[in-house]
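Enquirer: Quick one: this structure, given as structure tokens, is what I'll be asking you about.
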Amino acid sequence: MAILDILEFPDPRLRTLAQPVKEVDARVKKIVEDMFETMYEAPGIGLAASQVNIHERIITIDVSEDKSEALVFINPEITVLDGEMETMQEGCLSVPGFYEDVSRIEHCSVKALDRNGDAFEMECTGLLAVCIQHEVDHLDGKLMVDYVSPLKRKRIKDKLDKKHKLEAREGKR
Ligand code: GNR
Ligand code: NI
């Protein structure tokens, strides 16, 4: 297993449209294992392959308290979106240090392949519904910051640009 580097906003690679996985083979299983290790270490409740510069439609999620419910969504399709809009403060490993209000549909149903390549469908509510929509956004090149005002987005960009410059000077990135 390996811990992968997480791309940070405003890295343009985060805007890449991820391509469908053709076959859930050993290569894809290795990506899934590395994504879990990276996600748990971060720590985060979800990770999209786009965030680790792999532009394929692969998501790992674990919203459980004790980190015991590892979920894999390969080629996810959100099939039903209904219910009320709900606003939650979201964080993102690709936008470190910022927590912003995002409104999303409170209930959805997701069709995907699991880590063995078997199709399944899952009803999602609460934090899981928020997280899956956040991760599918990543696969489509969309970020949490796209839901905030242009002024706020600019402030976030400037602060992260500064952080990345400091890190470059210290040889971290
Ligand atoms: O760790 C994460 N927490 C989180 C909190 C509220 C809404 C969404 C998330 S996802 C985020 C990890 C991440 O960046 N996934 O893409
Ligand atoms: Ni994110």
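Numbering starts fresh at 1 for the residues of each chain in the structure tokens, the chains themselves are lettered A, B, ... in the order given, and ligands are numbered from 1 as they appear.
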For Val80 (chain A), find every residue with an atom within 9 Å (counting only C-alpha atoms), except residues of its own chain fewer than 2 positions away, and show them as a PDB file with N, CA and C atoms, in the first residue's frame.
Expert:
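So part06.pdb came out as:
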ATOM      1  N   ILE A  78     -25.559   8.610  -9.857  1.00  0.00           N
ATOM      2  CA  ILE A  78     -26.600   9.017  -8.912  1.00  0.00           C
ATOM      3  C   ILE A  78     -27.919   8.908  -9.660  1.00  0.00           C
ATOM      4  N   ASP A  82     -33.826  13.199  -4.431  1.00  0.00           N
ATOM      5  CA  ASP A  82     -35.054  13.865  -4.011  1.00  0.00           C
ATOM      6  C   ASP A  82     -34.972  14.307  -2.562  1.00  0.00           C
ATOM      7  N   HIS A 107     -31.205  13.364  -0.014  1.00  0.00           N
ATOM      8  CA  HIS A 107     -31.376  11.928  -0.238  1.00  0.00           C
ATOM      9  C   HIS A 107     -31.008  11.580  -1.675  1.00  0.00           C
ATOM     10  N   CYS A 108     -30.256  10.523  -1.855  1.00  0.00           N
ATOM     11  CA  CYS A 108     -29.976  10.084  -3.227  1.00  0.00           C
ATOM     12  C   CYS A 108     -29.787   8.574  -3.250  1.00  0.00           C
ATOM     13  N   SER A 109     -29.816   8.041  -4.458  1.00  0.00           N
ATOM     14  CA  SER A 109     -29.581   6.620  -4.652  1.00  0.00           C
ATOM     15  C   SER A 109     -28.409   6.506  -5.622  1.00  0.00           C
ATOM     16  N   VAL A 110     -27.480   5.630  -5.323  1.00  0.00           N
ATOM     17  CA  VAL A 110     -26.271   5.517  -6.153  1.00  0.00           C
ATOM     18  C   VAL A 110     -26.117   4.097  -6.664  1.00  0.00           C
ATOM     19  N   GLU A 123     -29.078   3.327  -1.154  1.00  0.00           N
ATOM     20  CA  GLU A 123     -29.801   4.543  -0.794  1.00  0.00           C
ATOM     21  C   GLU A 123     -28.942   5.320   0.192  1.00  0.00           C
TER      22      GLU A 123
END
Enquirer: So which residues are near ligand 2, meaning at most 9 Å away with only C-alpha atoms and all ligand atoms counted, given back as a ChimeraX atom specification?
Expert: /A:44,46-48,51,90-95,131,134-135,137-138,143-144
Enquirer: Rounded to one decimal place, report the CA of Lys111 (chain A)-CA of Thr60 (chain A) distance in Å.
Expert: 14.2 Å
Enquirer: Asp66 (chain A): which residues within 12 Å, counting only C-alpha atoms, same-chain residues fewer than 3 positions away excluded, as a ChimeraX atom specification?
Expert: /A:40,45,62-63,69-70
Enquirer: Quick one: DSSP strand (DSSP E) residues in chain A, as a PyMOL selection string?
Expert: chain A and resi 46-48+58-61+71-90+100-113+119-125
Enquirer: Output C-alpha atoms for every residue in that selection, as an mmCIF file, in the first residue's frame.
Expert:
data_model
loop_
_atom_site.group_PDB
_atom_site.id
_atom_site.type_symbol
_atom_site.label_atom_id
_atom_site.label_comp_id
_atom_site.auth_asym_id
_atom_site.auth_seq_id
_atom_site.Cartn_x
_atom_site.Cartn_y
_atom_site.Cartn_z
ATOM 1 C CA GLY A 46 -14.141 10.268 1.489
ATOM 2 C CA LEU A 47 -11.689 10.456 -1.395
ATOM 3 C CA ALA A 48 -12.118 10.683 -5.158
ATOM 4 C CA ILE A 58 -13.249 5.637 -8.369
ATOM 5 C CA ILE A 59 -14.438 6.793 -4.913
ATOM 6 C CA THR A 60 -13.665 5.533 -1.407
ATOM 7 C CA ILE A 61 -15.862 6.529 1.549
ATOM 8 C CA LEU A 71 -17.302 1.728 0.853
ATOM 9 C CA VAL A 72 -16.071 1.654 -2.743
ATOM 10 C CA PHE A 73 -17.966 3.218 -5.647
ATOM 11 C CA ILE A 74 -16.576 2.555 -9.124
ATOM 12 C CA ASN A 75 -18.331 4.285 -12.067
ATOM 13 C CA PRO A 76 -20.969 5.739 -9.700
ATOM 14 C CA GLU A 77 -24.259 7.008 -11.084
ATOM 15 C CA ILE A 78 -26.600 9.017 -8.912
ATOM 16 C CA THR A 79 -29.990 7.644 -9.985
ATOM 17 C CA VAL A 80 -32.469 9.390 -7.709
ATOM 18 C CA LEU A 81 -32.126 12.760 -6.103
ATOM 19 C CA ASP A 82 -35.054 13.865 -4.011
ATOM 20 C CA GLY A 83 -36.076 15.400 -0.755
ATOM 21 C CA GLU A 84 -35.218 18.802 0.600
ATOM 22 C CA MET A 85 -32.067 20.769 0.091
ATOM 23 C CA GLU A 86 -29.899 20.634 3.179
ATOM 24 C CA THR A 87 -26.996 22.945 3.995
ATOM 25 C CA MET A 88 -23.896 21.572 5.673
ATOM 26 C CA GLN A 89 -20.439 22.869 6.410
ATOM 27 C CA GLU A 90 -18.171 20.883 4.153
ATOM 28 C CA GLU A 100 -17.877 26.242 3.721
ATOM 29 C CA ASP A 101 -21.671 25.945 3.627
ATOM 30 C CA VAL A 102 -22.865 23.857 0.682
ATOM 31 C CA SER A 103 -26.541 23.035 -0.057
ATOM 32 C CA ARG A 104 -27.259 19.612 -1.506
ATOM 33 C CA ILE A 105 -30.234 17.290 -1.915
ATOM 34 C CA GLU A 106 -30.634 15.314 1.327
ATOM 35 C CA HIS A 107 -31.376 11.928 -0.238
ATOM 36 C CA CYS A 108 -29.976 10.084 -3.227
ATOM 37 C CA SER A 109 -29.581 6.620 -4.652
ATOM 38 C CA VAL A 110 -26.271 5.517 -6.153
ATOM 39 C CA LYS A 111 -25.578 2.716 -8.604
ATOM 40 C CA ALA A 112 -21.955 1.637 -8.840
ATOM 41 C CA LEU A 113 -19.542 -1.291 -9.002
ATOM 42 C CA ALA A 119 -22.948 -3.900 -9.437
ATOM 43 C CA PHE A 120 -24.916 -2.619 -6.433
ATOM 44 C CA GLU A 121 -27.315 0.162 -5.611
ATOM 45 C CA MET A 122 -27.399 2.030 -2.308
ATOM 46 C CA GLU A 123 -29.801 4.543 -0.794
ATOM 47 C CA CYS A 124 -27.930 7.389 0.841
ATOM 48 C CA THR A 125 -29.051 9.938 3.425
#
Enquirer: Would you mind listing what lies within 7 Å of Thr16 (chain A) as a PDB file with C-alpha atoms, in the first residue's frame, with only C-alpha atoms counted and same-chain residues fewer than 3 positions away left out?
Expert:
ATOM      1  CA  ARG A  13      -5.573  18.936 -12.590  1.00  0.00           C
ATOM      2  CA  HIS A  55      -8.535  10.530 -13.471  1.00  0.00           C
ATOM      3  CA  GLY A 141     -13.891  18.322 -11.964  1.00  0.00           C
TER       4      GLY A 141
END
Enquirer: For a test of reading the model, state the distance in Å between CA of Lys22 (chain A) and CA of Asp118 (chain A), rounded to one decimal.
Expert: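 These atoms are spaced 12.9 Å apart.
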Enquirer: Rank nothing, just name the residue among A:Glu56, A:Glu65, A:Asp25, A:Asp11 nearest to Lys157 (chain A), using only C-alpha atoms.
Expert: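 Nearest candidate to Lys157 (chain A) out of A:Glu56, A:Glu65, A:Asp25, A:Asp11: A:Asp11.
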Enquirer: Quick one: pick out all helix (DSSP H, G or I) residues within chain A from a backbone DSSP run and write them as an NGL selection string.
Expert: :A and (12-15 or 26-41 or 49-52 or 126-139 or 144-147 or 150-169)
